[in-house]
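Text of start.pdb, listed as PDB, C-alpha atoms:
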```pdb
ATOM      1  CA  LYS A  16    -152.407   8.198  71.427  1.00  0.00           C
ATOM      2  CA  ALA A  17    -150.906   8.672  74.886  1.00  0.00           C
ATOM      3  CA  GLU A  18    -151.706   5.120  75.974  1.00  0.00           C
ATOM      4  CA  SER A  19    -149.935   3.648  72.932  1.00  0.00           C
ATOM      5  CA  LEU A  20    -146.693   5.386  73.998  1.00  0.00           C
ATOM      6  CA  LYS A  21    -146.920   4.487  77.704  1.00  0.00           C
ATOM      7  CA  ARG A  22    -143.550   3.771  79.326  1.00  0.00           C
ATOM      8  CA  GLU A  23    -142.509   2.953  82.877  1.00  0.00           C
ATOM      9  CA  ASN A  24    -141.754   6.081  84.935  1.00  0.00           C
ATOM     10  CA  SER A  25    -142.871   8.385  82.121  1.00  0.00           C
ATOM     11  CA  LEU A  26    -145.531  10.987  81.644  1.00  0.00           C
ATOM     12  CA  ILE A  27    -146.962  10.961  78.122  1.00  0.00           C
ATOM     13  CA  ILE A  28    -149.233  13.782  76.948  1.00  0.00           C
ATOM     14  CA  GLY A  29    -151.576  13.080  74.056  1.00  0.00           C
ATOM     15  CA  ALA A  30    -154.175  15.370  72.514  1.00  0.00           C
ATOM     16  CA  ASP A  31    -156.546  15.433  69.580  1.00  0.00           C
ATOM     17  CA  GLN A  32    -159.231  17.711  68.232  1.00  0.00           C
ATOM     18  CA  LEU A  33    -162.436  17.529  66.348  1.00  0.00           C
ATOM     19  CA  VAL A  34    -164.776  20.119  64.912  1.00  0.00           C
ATOM     20  CA  GLN A  35    -168.484  19.638  65.513  1.00  0.00           C
ATOM     21  CA  ILE A  36    -171.356  21.483  63.872  1.00  0.00           C
ATOM     22  CA  ASP A  37    -175.012  20.533  64.203  1.00  0.00           C
ATOM     23  CA  GLY A  38    -174.062  17.072  65.506  1.00  0.00           C
ATOM     24  CA  LYS A  39    -171.779  16.396  62.540  1.00  0.00           C
ATOM     25  CA  ILE A  40    -168.033  15.781  63.000  1.00  0.00           C
ATOM     26  CA  LEU A  41    -165.660  17.414  60.521  1.00  0.00           C
ATOM     27  CA  GLY A  42    -162.315  15.736  59.996  1.00  0.00           C
ATOM     28  CA  LYS A  43    -159.312  16.854  57.998  1.00  0.00           C
ATOM     29  CA  PRO A  44    -160.389  17.775  54.467  1.00  0.00           C
ATOM     30  CA  LYS A  45    -157.225  16.438  52.705  1.00  0.00           C
ATOM     31  CA  THR A  46    -158.102  18.221  49.423  1.00  0.00           C
ATOM     32  CA  ILE A  47    -158.686  21.815  48.377  1.00  0.00           C
ATOM     33  CA  GLU A  48    -162.209  20.893  47.308  1.00  0.00           C
ATOM     34  CA  GLY A  49    -162.855  19.277  50.698  1.00  0.00           C
ATOM     35  CA  ALA A  50    -161.585  22.374  52.513  1.00  0.00           C
ATOM     36  CA  ILE A  51    -163.798  24.665  50.434  1.00  0.00           C
ATOM     37  CA  LYS A  52    -166.811  22.446  51.217  1.00  0.00           C
ATOM     38  CA  GLN A  53    -166.076  22.409  54.965  1.00  0.00           C
ATOM     39  CA  LEU A  54    -165.670  26.183  55.122  1.00  0.00           C
ATOM     40  CA  SER A  55    -168.858  26.615  53.085  1.00  0.00           C
ATOM     41  CA  ASP A  56    -170.677  24.381  55.602  1.00  0.00           C
ATOM     42  CA  LEU A  57    -169.311  26.499  58.497  1.00  0.00           C
ATOM     43  CA  ASN A  58    -170.021  29.808  56.763  1.00  0.00           C
ATOM     44  CA  SER A  59    -172.082  32.205  58.948  1.00  0.00           C
ATOM     45  CA  LYS A  60    -172.544  29.513  61.611  1.00  0.00           C
ATOM     46  CA  THR A  61    -171.251  28.702  65.076  1.00  0.00           C
ATOM     47  CA  HIS A  62    -169.339  25.469  65.581  1.00  0.00           C
ATOM     48  CA  GLU A  63    -167.339  23.846  68.359  1.00  0.00           C
ATOM     49  CA  ILE A  64    -163.758  22.701  68.578  1.00  0.00           C
ATOM     50  CA  ILE A  65    -163.416  19.937  71.136  1.00  0.00           C
ATOM     51  CA  THR A  66    -159.854  19.324  72.273  1.00  0.00           C
ATOM     52  CA  ALA A  67    -159.302  16.163  74.319  1.00  0.00           C
ATOM     53  CA  VAL A  68    -156.132  15.627  76.354  1.00  0.00           C
ATOM     54  CA  CYS A  69    -154.847  12.475  78.042  1.00  0.00           C
ATOM     55  CA  LEU A  70    -151.941  12.353  80.468  1.00  0.00           C
ATOM     56  CA  SER A  71    -150.740   8.773  80.634  1.00  0.00           C
ATOM     57  CA  LEU A  72    -148.917   8.049  83.884  1.00  0.00           C
ATOM     58  CA  PRO A  73    -147.449   4.673  84.924  1.00  0.00           C
ATOM     59  CA  HIS A  74    -150.496   3.707  87.033  1.00  0.00           C
ATOM     60  CA  LYS A  75    -153.327   5.888  85.778  1.00  0.00           C
ATOM     61  CA  ASN A  76    -154.575   8.182  83.068  1.00  0.00           C
ATOM     62  CA  ILE A  77    -155.901  11.694  83.559  1.00  0.00           C
ATOM     63  CA  GLU A  78    -158.233  12.954  80.870  1.00  0.00           C
ATOM     64  CA  PHE A  79    -159.827  16.346  80.274  1.00  0.00           C
ATOM     65  CA  TYR A  80    -161.242  18.331  77.400  1.00  0.00           C
ATOM     66  CA  ASP A  81    -161.806  21.893  76.313  1.00  0.00           C
ATOM     67  CA  ILE A  82    -164.649  23.207  74.167  1.00  0.00           C
ATOM     68  CA  SER A  83    -164.331  26.438  72.192  1.00  0.00           C
ATOM     69  CA  ARG A  84    -167.147  28.015  70.191  1.00  0.00           C
ATOM     70  CA  LEU A  85    -166.363  29.916  67.001  1.00  0.00           C
ATOM     71  CA  THR A  86    -168.737  31.880  64.788  1.00  0.00           C
ATOM     72  CA  MET A  87    -167.673  32.355  61.204  1.00  0.00           C
ATOM     73  CA  LYS A  88    -168.268  35.522  59.225  1.00  0.00           C
ATOM     74  CA  ASN A  89    -170.529  35.498  56.206  1.00  0.00           C
ATOM     75  CA  LEU A  90    -167.954  34.843  53.493  1.00  0.00           C
ATOM     76  CA  SER A  91    -168.361  34.837  49.729  1.00  0.00           C
ATOM     77  CA  ALA A  92    -167.344  31.795  47.698  1.00  0.00           C
ATOM     78  CA  ASP A  93    -164.325  33.751  46.426  1.00  0.00           C
ATOM     79  CA  GLU A  94    -163.247  34.679  49.977  1.00  0.00           C
ATOM     80  CA  ILE A  95    -163.390  31.013  50.981  1.00  0.00           C
ATOM     81  CA  LYS A  96    -161.380  29.915  47.928  1.00  0.00           C
ATOM     82  CA  ASN A  97    -158.818  32.668  48.471  1.00  0.00           C
ATOM     83  CA  TYR A  98    -158.385  31.669  52.112  1.00  0.00           C
ATOM     84  CA  VAL A  99    -157.927  27.986  51.278  1.00  0.00           C
ATOM     85  CA  ASN A 100    -155.282  28.850  48.681  1.00  0.00           C
ATOM     86  CA  LEU A 101    -153.536  31.161  51.171  1.00  0.00           C
ATOM     87  CA  ASP A 102    -153.196  28.790  54.161  1.00  0.00           C
ATOM     88  CA  LEU A 103    -153.783  25.373  52.521  1.00  0.00           C
ATOM     89  CA  PRO A 104    -155.504  24.033  55.671  1.00  0.00           C
ATOM     90  CA  LEU A 105    -155.816  20.498  54.291  1.00  0.00           C
ATOM     91  CA  ASP A 106    -154.503  18.881  57.483  1.00  0.00           C
ATOM     92  CA  CYS A 107    -156.808  20.787  59.852  1.00  0.00           C
ATOM     93  CA  ALA A 108    -160.220  19.707  61.081  1.00  0.00           C
ATOM     94  CA  GLY A 109    -162.598  22.472  60.052  1.00  0.00           C
ATOM     95  CA  SER A 110    -160.240  23.637  57.273  1.00  0.00           C
ATOM     96  CA  TYR A 111    -158.676  26.665  58.913  1.00  0.00           C
ATOM     97  CA  LYS A 112    -155.444  27.566  60.658  1.00  0.00           C
ATOM     98  CA  ILE A 113    -156.297  29.980  63.439  1.00  0.00           C
ATOM     99  CA  GLU A 114    -152.579  30.538  64.098  1.00  0.00           C
ATOM    100  CA  LYS A 115    -152.101  31.820  60.557  1.00  0.00           C
ATOM    101  CA  ASN A 116    -154.714  33.753  58.561  1.00  0.00           C
ATOM    102  CA  GLY A 117    -157.694  31.734  59.806  1.00  0.00           C
ATOM    103  CA  ARG A 118    -158.449  34.203  62.572  1.00  0.00           C
ATOM    104  CA  GLN A 119    -159.780  36.654  59.990  1.00  0.00           C
ATOM    105  CA  LEU A 120    -162.581  34.191  59.121  1.00  0.00           C
ATOM    106  CA  PHE A 121    -164.386  34.684  62.426  1.00  0.00           C
ATOM    107  CA  VAL A 122    -166.724  37.261  63.871  1.00  0.00           C
ATOM    108  CA  ASP A 123    -166.698  35.737  67.383  1.00  0.00           C
ATOM    109  CA  ILE A 124    -164.498  33.295  69.300  1.00  0.00           C
ATOM    110  CA  GLU A 125    -165.492  32.025  72.761  1.00  0.00           C
ATOM    111  CA  ALA A 126    -162.647  30.153  74.414  1.00  0.00           C
ATOM    112  CA  GLN A 127    -161.585  29.611  78.010  1.00  0.00           C
ATOM    113  CA  ASP A 128    -158.104  28.803  76.746  1.00  0.00           C
ATOM    114  CA  PHE A 129    -157.307  30.144  73.276  1.00  0.00           C
ATOM    115  CA  THR A 130    -154.374  27.726  72.958  1.00  0.00           C
ATOM    116  CA  ALA A 131    -156.880  24.851  72.802  1.00  0.00           C
ATOM    117  CA  ILE A 132    -157.930  26.081  69.362  1.00  0.00           C
ATOM    118  CA  GLN A 133    -154.317  25.642  68.271  1.00  0.00           C
ATOM    119  CA  ARG A 134    -154.265  21.990  69.415  1.00  0.00           C
ATOM    120  CA  LEU A 135    -153.331  21.941  73.131  1.00  0.00           C
ATOM    121  CA  PRO A 136    -154.983  23.800  76.061  1.00  0.00           C
ATOM    122  CA  LEU A 137    -151.801  24.979  77.763  1.00  0.00           C
ATOM    123  CA  ILE A 138    -153.493  26.773  80.676  1.00  0.00           C
ATOM    124  CA  SER A 139    -155.471  23.662  81.670  1.00  0.00           C
ATOM    125  CA  LEU A 140    -152.478  21.419  81.061  1.00  0.00           C
ATOM    126  CA  ALA A 141    -150.227  23.552  83.285  1.00  0.00           C
ATOM    127  CA  SER A 142    -152.840  23.421  86.045  1.00  0.00           C
ATOM    128  CA  VAL A 143    -153.101  19.623  85.894  1.00  0.00           C
ATOM    129  CA  LEU A 144    -149.313  19.261  85.809  1.00  0.00           C
ATOM    130  CA  GLN A 145    -149.009  21.459  88.901  1.00  0.00           C
ATOM    131  CA  THR A 146    -151.501  19.290  90.799  1.00  0.00           C
ATOM    132  CA  LEU A 147    -149.280  16.309  89.940  1.00  0.00           C
ATOM    133  CA  GLY A 148    -146.251  18.058  91.404  1.00  0.00           C
ATOM    134  CA  TYR A 149    -144.618  19.222  88.210  1.00  0.00           C
ATOM    135  CA  GLU A 150    -143.237  22.755  88.184  1.00  0.00           C
ATOM    136  CA  THR A 151    -144.294  24.930  85.284  1.00  0.00           C
ATOM    137  CA  LYS A 152    -142.186  27.837  84.099  1.00  0.00           C
ATOM    138  CA  LYS A 153    -143.516  31.253  85.021  1.00  0.00           C
ATOM    139  CA  ASN A 154    -142.753  34.277  82.861  1.00  0.00           C
ATOM    140  CA  ILE A 155    -144.184  37.363  84.445  1.00  0.00           C
TER     141      ILE A 155
END
```

Would you give me this structure, written as C-alpha coordinates?
Amino acid sequence: KAESLKRENSLIIGADQLVQIDGKILGKPKTIEGAIKQLSDLNSKTHEIITAVCLSLPHKNIEFYDISRLTMKNLSADEIKNYVNLDLPLDCAGSYKIEKNGRQLFVDIEAQDFTAIQRLPLISLASVLQTLGYETKKNI
(Lines of atoms letter the chains of each structure in order from A and count residues from 1; the text may use other names and numbers.)
(Lines give C-alpha, C1' and ligand atoms only; values in the text may rest on other atoms or scores of the structure.)
Protein backbone atom coordinates (compact mmCIF):
# COMPACT_ATOMS: atom_id res chain seq x y z
CA LYS A 1 0.00 0.00 0.00
CA ALA A 2 2.64 2.53 1.05
CA GLU A 3 4.93 1.69 -1.86
CA SER A 4 2.14 2.27 -4.40
CA LEU A 5 1.75 5.86 -3.13
CA LYS A 6 5.48 6.67 -2.96
CA ARG A 7 6.33 10.26 -3.89
CA GLU A 8 9.56 12.23 -3.95
CA ASN A 9 10.29 13.93 -0.61
CA SER A 10 7.29 12.29 1.06
CA LEU A 11 6.74 9.93 3.92
CA ILE A 12 3.89 7.50 3.27
CA ILE A 13 2.53 5.33 6.08
CA GLY A 14 0.70 2.15 5.13
CA ALA A 15 -0.75 -0.51 7.41
CA ASP A 16 -2.85 -3.64 7.18
CA GLN A 17 -4.10 -6.32 9.51
CA LEU A 18 -4.95 -9.94 9.49
CA VAL A 19 -6.46 -12.29 12.03
CA GLN A 20 -4.81 -15.67 12.47
CA ILE A 21 -6.14 -18.67 14.36
CA ASP A 22 -4.61 -22.14 14.28
CA GLY A 23 -2.59 -21.25 11.16
CA LYS A 24 -5.69 -20.07 9.30
CA ILE A 25 -6.04 -16.46 8.09
CA LEU A 26 -9.42 -14.78 8.51
CA GLY A 27 -10.25 -11.97 6.12
CA LYS A 28 -13.19 -9.60 6.05
CA PRO A 29 -16.44 -11.59 6.22
CA LYS A 30 -18.45 -9.29 3.86
CA THR A 31 -21.78 -10.91 4.87
CA ILE A 32 -23.69 -11.36 8.11
CA GLU A 33 -23.49 -15.12 7.66
CA GLY A 34 -19.72 -14.89 7.15
CA ALA A 35 -19.33 -12.78 10.29
CA ILE A 36 -21.37 -15.24 12.36
CA LYS A 37 -19.20 -18.11 11.07
CA GLN A 38 -15.94 -16.28 11.86
CA LEU A 39 -17.06 -15.41 15.39
CA SER A 40 -18.24 -18.99 15.90
CA ASP A 41 -14.78 -20.21 14.81
CA LEU A 42 -13.13 -17.79 17.29
CA ASN A 43 -15.56 -18.60 20.11
CA SER A 44 -13.76 -19.61 23.35
CA LYS A 45 -10.38 -19.55 21.60
CA THR A 46 -7.28 -17.37 21.47
CA HIS A 47 -6.32 -15.78 18.17
CA GLU A 48 -3.79 -13.24 16.96
CA ILE A 49 -4.15 -9.92 15.22
CA ILE A 50 -1.05 -9.14 13.21
CA THR A 51 -0.73 -5.49 12.22
CA ALA A 52 1.97 -4.72 9.65
CA VAL A 53 3.19 -1.16 9.05
CA CYS A 54 5.37 0.20 6.25
CA LEU A 55 6.89 3.67 6.19
CA SER A 56 7.83 4.44 2.61
CA LEU A 57 10.56 7.07 2.41
CA PRO A 58 12.18 8.38 -0.80
CA HIS A 59 15.19 6.03 -0.55
CA LYS A 60 14.10 3.22 1.74
CA ASN A 61 11.23 1.48 3.45
CA ILE A 62 10.94 0.79 7.16
CA GLU A 63 8.69 -2.09 8.12
CA PHE A 64 7.51 -3.38 11.48
CA TYR A 65 4.63 -5.36 12.89
CA ASP A 66 2.68 -5.81 16.09
CA ILE A 67 1.04 -9.00 17.34
CA SER A 68 -1.84 -8.93 19.81
CA ARG A 69 -3.44 -12.01 21.34
CA LEU A 70 -7.15 -12.02 22.15
CA THR A 71 -9.17 -14.71 23.90
CA MET A 72 -12.87 -14.74 23.20
CA LYS A 73 -15.51 -15.53 25.80
CA ASN A 74 -17.68 -18.59 25.44
CA LEU A 75 -20.63 -17.06 23.60
CA SER A 76 -23.97 -18.59 22.69
CA ALA A 77 -25.16 -18.59 19.08
CA ASP A 78 -27.70 -15.90 20.00
CA GLU A 79 -25.01 -13.69 21.58
CA ILE A 80 -22.93 -13.95 18.41
CA LYS A 81 -25.90 -13.10 16.18
CA ASN A 82 -26.91 -10.20 18.41
CA TYR A 83 -23.38 -8.80 18.33
CA VAL A 84 -23.13 -9.04 14.54
CA ASN A 85 -26.45 -7.23 14.15
CA LEU A 86 -25.33 -4.56 16.63
CA ASP A 87 -21.95 -3.60 15.11
CA LEU A 88 -22.25 -5.05 11.57
CA PRO A 89 -18.51 -5.88 11.47
CA LEU A 90 -18.61 -7.00 7.83
CA ASP A 91 -15.52 -4.98 6.87
CA CYS A 92 -13.35 -6.22 9.75
CA ALA A 93 -11.01 -9.20 9.73
CA GLY A 94 -12.19 -11.44 12.55
CA SER A 95 -15.70 -9.92 12.46
CA TYR A 96 -15.53 -7.59 15.43
CA LYS A 97 -15.04 -3.89 16.09
CA ILE A 98 -13.01 -3.58 19.27
CA GLU A 99 -13.54 0.20 19.22
CA LYS A 100 -17.30 -0.27 19.42
CA ASN A 101 -19.05 -3.12 21.24
CA GLY A 102 -16.52 -5.80 20.26
CA ARG A 103 -14.55 -5.38 23.46
CA GLN A 104 -17.33 -7.14 25.37
CA LEU A 105 -16.65 -10.34 23.37
CA PHE A 106 -13.31 -10.99 25.06
CA VAL A 107 -12.18 -12.46 28.34
CA ASP A 108 -8.50 -11.54 27.81
CA ILE A 109 -6.56 -9.17 25.57
CA GLU A 110 -2.74 -9.20 25.47
CA ALA A 111 -1.38 -6.23 23.56
CA GLN A 112 1.81 -4.19 23.78
CA ASP A 113 0.01 -1.38 21.99
CA PHE A 114 -3.79 -1.52 22.19
CA THR A 115 -4.09 0.87 19.24
CA ALA A 116 -2.71 -1.88 16.98
CA ILE A 117 -5.97 -3.77 17.46
CA GLN A 118 -7.76 -0.74 16.04
CA ARG A 119 -5.60 -0.77 12.87
CA LEU A 120 -2.42 1.24 13.61
CA PRO A 121 0.11 0.78 16.46
CA LEU A 122 0.49 4.45 17.38
CA ILE A 123 3.05 3.94 20.17
CA SER A 124 5.42 2.01 17.89
CA LEU A 125 4.78 4.40 15.01
CA ALA A 126 5.59 7.45 17.16
CA SER A 127 8.83 5.80 18.28
CA VAL A 128 9.92 5.07 14.70
CA LEU A 129 8.99 8.58 13.58
CA GLN A 130 11.07 10.06 16.40
CA THR A 131 14.11 8.03 15.35
CA LEU A 132 13.67 9.52 11.86
CA GLY A 133 13.70 13.03 13.29
CA TYR A 134 9.99 13.74 13.23
CA GLU A 135 8.53 15.45 16.29
CA THR A 136 5.47 13.82 17.80
CA LYS A 137 2.95 15.80 19.81
CA LYS A 138 3.09 15.21 23.54
CA ASN A 139 -0.01 15.63 25.69
CA ILE A 140 0.86 15.12 29.30

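Residues matched by the PyMOL selection byres ((chain A and resi 23-37) around 7) in this file: A:Lys16, A:Ala17, A:Leu20, A:Lys21, A:Arg22, A:Gly38, A:Lys39, A:Ile40, A:Leu41, A:Gly42, A:His62, A:Glu63, A:Ile64, A:Ile65, A:Thr66, A:Ala67, A:Val68, A:Cys69, A:Leu70, A:Ser71, A:Leu72, A:Pro73, A:Ala108, A:Gly109, A:Arg134, A:Leu135.
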
Neighbouring residues of Tyr149 of chain A were defined as those with any atom within 12 Å, considering only C-alpha atoms; residues of the same chain fewer than 5 positions away were excluded. Please report them as a PyMOL selection string. chain A and resi 26+140-144

Would you mind telling me which residue in A:Ile95, A:Ile82, A:Leu147, A:Leu101 lies nearest to Asp128 of chain A when using all atoms listed in the file?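 The answer is A:Ile82, which sits nearest to Asp128 of chain A.
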
Chain and number of each residue from the PyMOL selection byres ((chain A and resi 120-126) around 6), as a PyMOL selection string: chain A and resi 83-88+117-119+127-129

What does the distance from atom CA of Asn100 of chain A to atom CA of Pro136 of chain A come to in Å, to one decimal? 27.8 Å

Between segment 34-58 of chain A and segment 89-93 of chain A, at 9 Å or less, what are the per-residue closest atom pairs and their distances in Å? Count all atoms listed in the file, order by chain and rising residue number, and return it as a tab-separated table.
```
residue	atom	partner	partner_atom	distance
A:Ile51	CA	A:Ala92	CA	8.4
A:Ser55	CA	A:Ala92	CA	7.6
A:Asn58	CA	A:Asn89	CA	5.7
```

Restricting the calculation to only C-alpha atoms: of A:Lys52, A:Lys152, A:Lys96, A:Lys45, which residue gets closest to Leu137 of chain A?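 The closest residue to Leu137 of chain A is A:Lys152.
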
Within 8 Å of Val99 of chain A using all atoms listed in the file, minus same-chain residues under 6 positions, as JSON, numbers by chain: {"A": [47, 50, 51, 110, 111]}

Rounded to one decimal, what separation in Å do you get between atom CA of Ile113 of chain A and atom CA of Asp56 of chain A? 17.3 Å

Using only C-alpha atoms, the best pick from A:Gln53, A:Ser139, A:Thr46, A:Gln133 as closest to Glu114 of chain A would be A:Gln133

One-decimal distance in Å that lies between atom CA of Thr130 of chain A and atom CA of Ile77 of chain A: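 These two atoms are separated by 19.3 Å.
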
For Pro44 of chain A, the nearest of the candidates A:Cys107, A:Lys75, A:Tyr80, A:Ser59, counting all atoms listed in the file: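 For Pro44 of chain A, the nearest of the given residues is A:Cys107.
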